[in-house]
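First up is the structure itself, then whatever we jot down about it.
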Amino acid sequence: EPYQWQVVMPPFWVSMASLTACISGMIRARGSTRWSLQVPLPASFMGICFSLCCAVLLRATHIALMVGRLHVAMEAFSRAVPMMVLCVTTLVSGRWLLVTLWVYTIVNLSSWAMICTWFWHNPFARLTGSGLAIFILSLSITISRILTLRSSKRLLLQDKNV
């Protein structure tokens, strides 16, 4: 089938994003040598690879629709939409990074629940590993930010009272 490469290429590009980001981060962490500062930031490598992954999934959606495989098209499209959010996540920082991570979590879990409902008539029939991993990451970042804000408010009140 012409659309079967959609199973192989997205994990390949996500793996390449991780690998190139790690290598870039290690090179840039070496210091201010002449060649280490010329290596792009890890987020740019991740953004490029996530964009290629999204393009592969959208192309797989197009091919599956052309050959009349609606279920394959819906699965590929439900994986492409959260990948678009990850592309945006590589462009932002600070507070907006946490917002885009929560958007990715919601979009990924809800799109996978829709696919599970369509295929297995149960939204919780299969779990999505990436959605749960980013949910745990987003939740831990949110909790740590709340605890940090509380402790800084306490310190400010203590300084104010002294």
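Chain identifiers are assigned as A, B, and so on, following the order in which chains appear in the structure tokens; residues are numbered from 1 within each chain, and ligands are numbered from 1 in order of appearance.
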### Message
Please return, as a VMD selection string, all residues of segment 7-119 of chain A that DSSP assigns to alpha helix (DSSP H) on the basis of the backbone.
### Response
chain A and resid 9 to 29 42 to 66 70 to 89 95 to 119
Per residue of segment 36-142 of chain A within 12 Å of segment 10-32 of chain A, note the shortest atom pair and the distance in Å to one decimal, counting only C-alpha atoms, and order the rows by chain and increasing residue number, as JSON lines.
{"residue": "A:Ser36", "atom": "CA", "partner": "A:Arg28", "partner_atom": "CA", "distance": 5.1}
{"residue": "A:Leu37", "atom": "CA", "partner": "A:Arg28", "partner_atom": "CA", "distance": 6.2}
{"residue": "A:Gln38", "atom": "CA", "partner": "A:Arg28", "partner_atom": "CA", "distance": 8.5}
{"residue": "A:Val39", "atom": "CA", "partner": "A:Ser24", "partner_atom": "CA", "distance": 6.5}
{"residue": "A:Pro40", "atom": "CA", "partner": "A:Ser24", "partner_atom": "CA", "distance": 7.0}
{"residue": "A:Leu41", "atom": "CA", "partner": "A:Ser24", "partner_atom": "CA", "distance": 6.6}
{"residue": "A:Pro42", "atom": "CA", "partner": "A:Ala21", "partner_atom": "CA", "distance": 4.2}
{"residue": "A:Ala43", "atom": "CA", "partner": "A:Ala21", "partner_atom": "CA", "distance": 6.8}
{"residue": "A:Ser44", "atom": "CA", "partner": "A:Ala21", "partner_atom": "CA", "distance": 8.2}
{"residue": "A:Phe45", "atom": "CA", "partner": "A:Ala21", "partner_atom": "CA", "distance": 5.9}
{"residue": "A:Met46", "atom": "CA", "partner": "A:Ala17", "partner_atom": "CA", "distance": 4.5}
{"residue": "A:Gly47", "atom": "CA", "partner": "A:Ala17", "partner_atom": "CA", "distance": 7.7}
{"residue": "A:Ile48", "atom": "CA", "partner": "A:Ala17", "partner_atom": "CA", "distance": 7.7}
{"residue": "A:Cys49", "atom": "CA", "partner": "A:Ala17", "partner_atom": "CA", "distance": 5.1}
{"residue": "A:Phe50", "atom": "CA", "partner": "A:Val14", "partner_atom": "CA", "distance": 6.3}
{"residue": "A:Ser51", "atom": "CA", "partner": "A:Trp13", "partner_atom": "CA", "distance": 8.9}
{"residue": "A:Leu52", "atom": "CA", "partner": "A:Trp13", "partner_atom": "CA", "distance": 6.8}
{"residue": "A:Cys53", "atom": "CA", "partner": "A:Pro10", "partner_atom": "CA", "distance": 4.9}
{"residue": "A:Cys54", "atom": "CA", "partner": "A:Pro10", "partner_atom": "CA", "distance": 7.6}
{"residue": "A:Ala55", "atom": "CA", "partner": "A:Pro10", "partner_atom": "CA", "distance": 9.2}
{"residue": "A:Val56", "atom": "CA", "partner": "A:Pro10", "partner_atom": "CA", "distance": 6.8}
{"residue": "A:Leu57", "atom": "CA", "partner": "A:Pro10", "partner_atom": "CA", "distance": 7.0}
{"residue": "A:Leu58", "atom": "CA", "partner": "A:Pro10", "partner_atom": "CA", "distance": 10.7}
{"residue": "A:Arg59", "atom": "CA", "partner": "A:Pro10", "partner_atom": "CA", "distance": 11.3}
{"residue": "A:Ala60", "atom": "CA", "partner": "A:Pro10", "partner_atom": "CA", "distance": 10.3}
{"residue": "A:Ala76", "atom": "CA", "partner": "A:Pro10", "partner_atom": "CA", "distance": 9.9}
{"residue": "A:Arg79", "atom": "CA", "partner": "A:Pro10", "partner_atom": "CA", "distance": 9.3}
{"residue": "A:Ala80", "atom": "CA", "partner": "A:Pro10", "partner_atom": "CA", "distance": 9.4}
{"residue": "A:Met83", "atom": "CA", "partner": "A:Pro10", "partner_atom": "CA", "distance": 9.7}
{"residue": "A:Leu86", "atom": "CA", "partner": "A:Val14", "partner_atom": "CA", "distance": 10.6}
{"residue": "A:Cys87", "atom": "CA", "partner": "A:Ala17", "partner_atom": "CA", "distance": 11.1}
{"residue": "A:Thr90", "atom": "CA", "partner": "A:Ala17", "partner_atom": "CA", "distance": 10.9}
{"residue": "A:Ser130", "atom": "CA", "partner": "A:Val14", "partner_atom": "CA", "distance": 11.2}
### Task
Tell me, as a VMD selection string, which residues lie within 9 Å of Trp102 of chain A, counting only C-alpha atoms; anything in the same chain fewer than 6 positions away does not count.
chain A and resid 134 to 135 138 to 139
Preceding selection exported with N, CA and C atoms as an mmCIF file, in the first residue's frame:
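See part_2.cif below for the written result:
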data_model
loop_
_atom_site.group_PDB
_atom_site.id
_atom_site.type_symbol
_atom_site.label_atom_id
_atom_site.label_comp_id
_atom_site.auth_asym_id
_atom_site.auth_seq_id
_atom_site.Cartn_x
_atom_site.Cartn_y
_atom_site.Cartn_z
ATOM 1 N N ILE A 134 3.587 13.839 28.003
ATOM 2 C CA ILE A 134 3.533 15.299 28.024
ATOM 3 C C ILE A 134 2.552 15.773 29.092
ATOM 4 N N PHE A 135 1.510 14.992 29.380
ATOM 5 C CA PHE A 135 0.610 15.340 30.490
ATOM 6 C C PHE A 135 1.371 15.351 31.813
ATOM 7 N N SER A 138 3.715 18.398 31.767
ATOM 8 C CA SER A 138 2.976 19.644 31.969
ATOM 9 C C SER A 138 2.492 19.779 33.401
ATOM 10 N N LEU A 139 1.989 18.693 33.951
ATOM 11 C CA LEU A 139 1.506 18.727 35.330
ATOM 12 C C LEU A 139 2.644 18.999 36.311
#
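Minimum atom-to-atom distance to Leu97 of chain A, evaluated using only C-alpha atoms, belongs to A:Ile141 out of A:Val162, A:Ala133, A:Ile141, A:Ala125.
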### Query
What gap, in Å, lies between atom CA of Leu157 of chain A and atom CA of Thr142 of chain A?
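Answer for the atom CA of Leu157 of chain A to atom CA of Thr142 of chain A separation: 22.7 Å.
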### Query
From the set A:Val92, A:Ser140, A:Leu155, A:Phe77, which residue has the shortest atom-to-atom contact distance to Ser111 of chain A, counting only C-alpha atoms?
A:Phe77
### Query
Which residue out of A:Gln6, A:Gly129, A:Pro123, A:Leu137 has the minimum interatomic distance to Ile63 of chain A when only C-alpha atoms are used?
A:Gln6
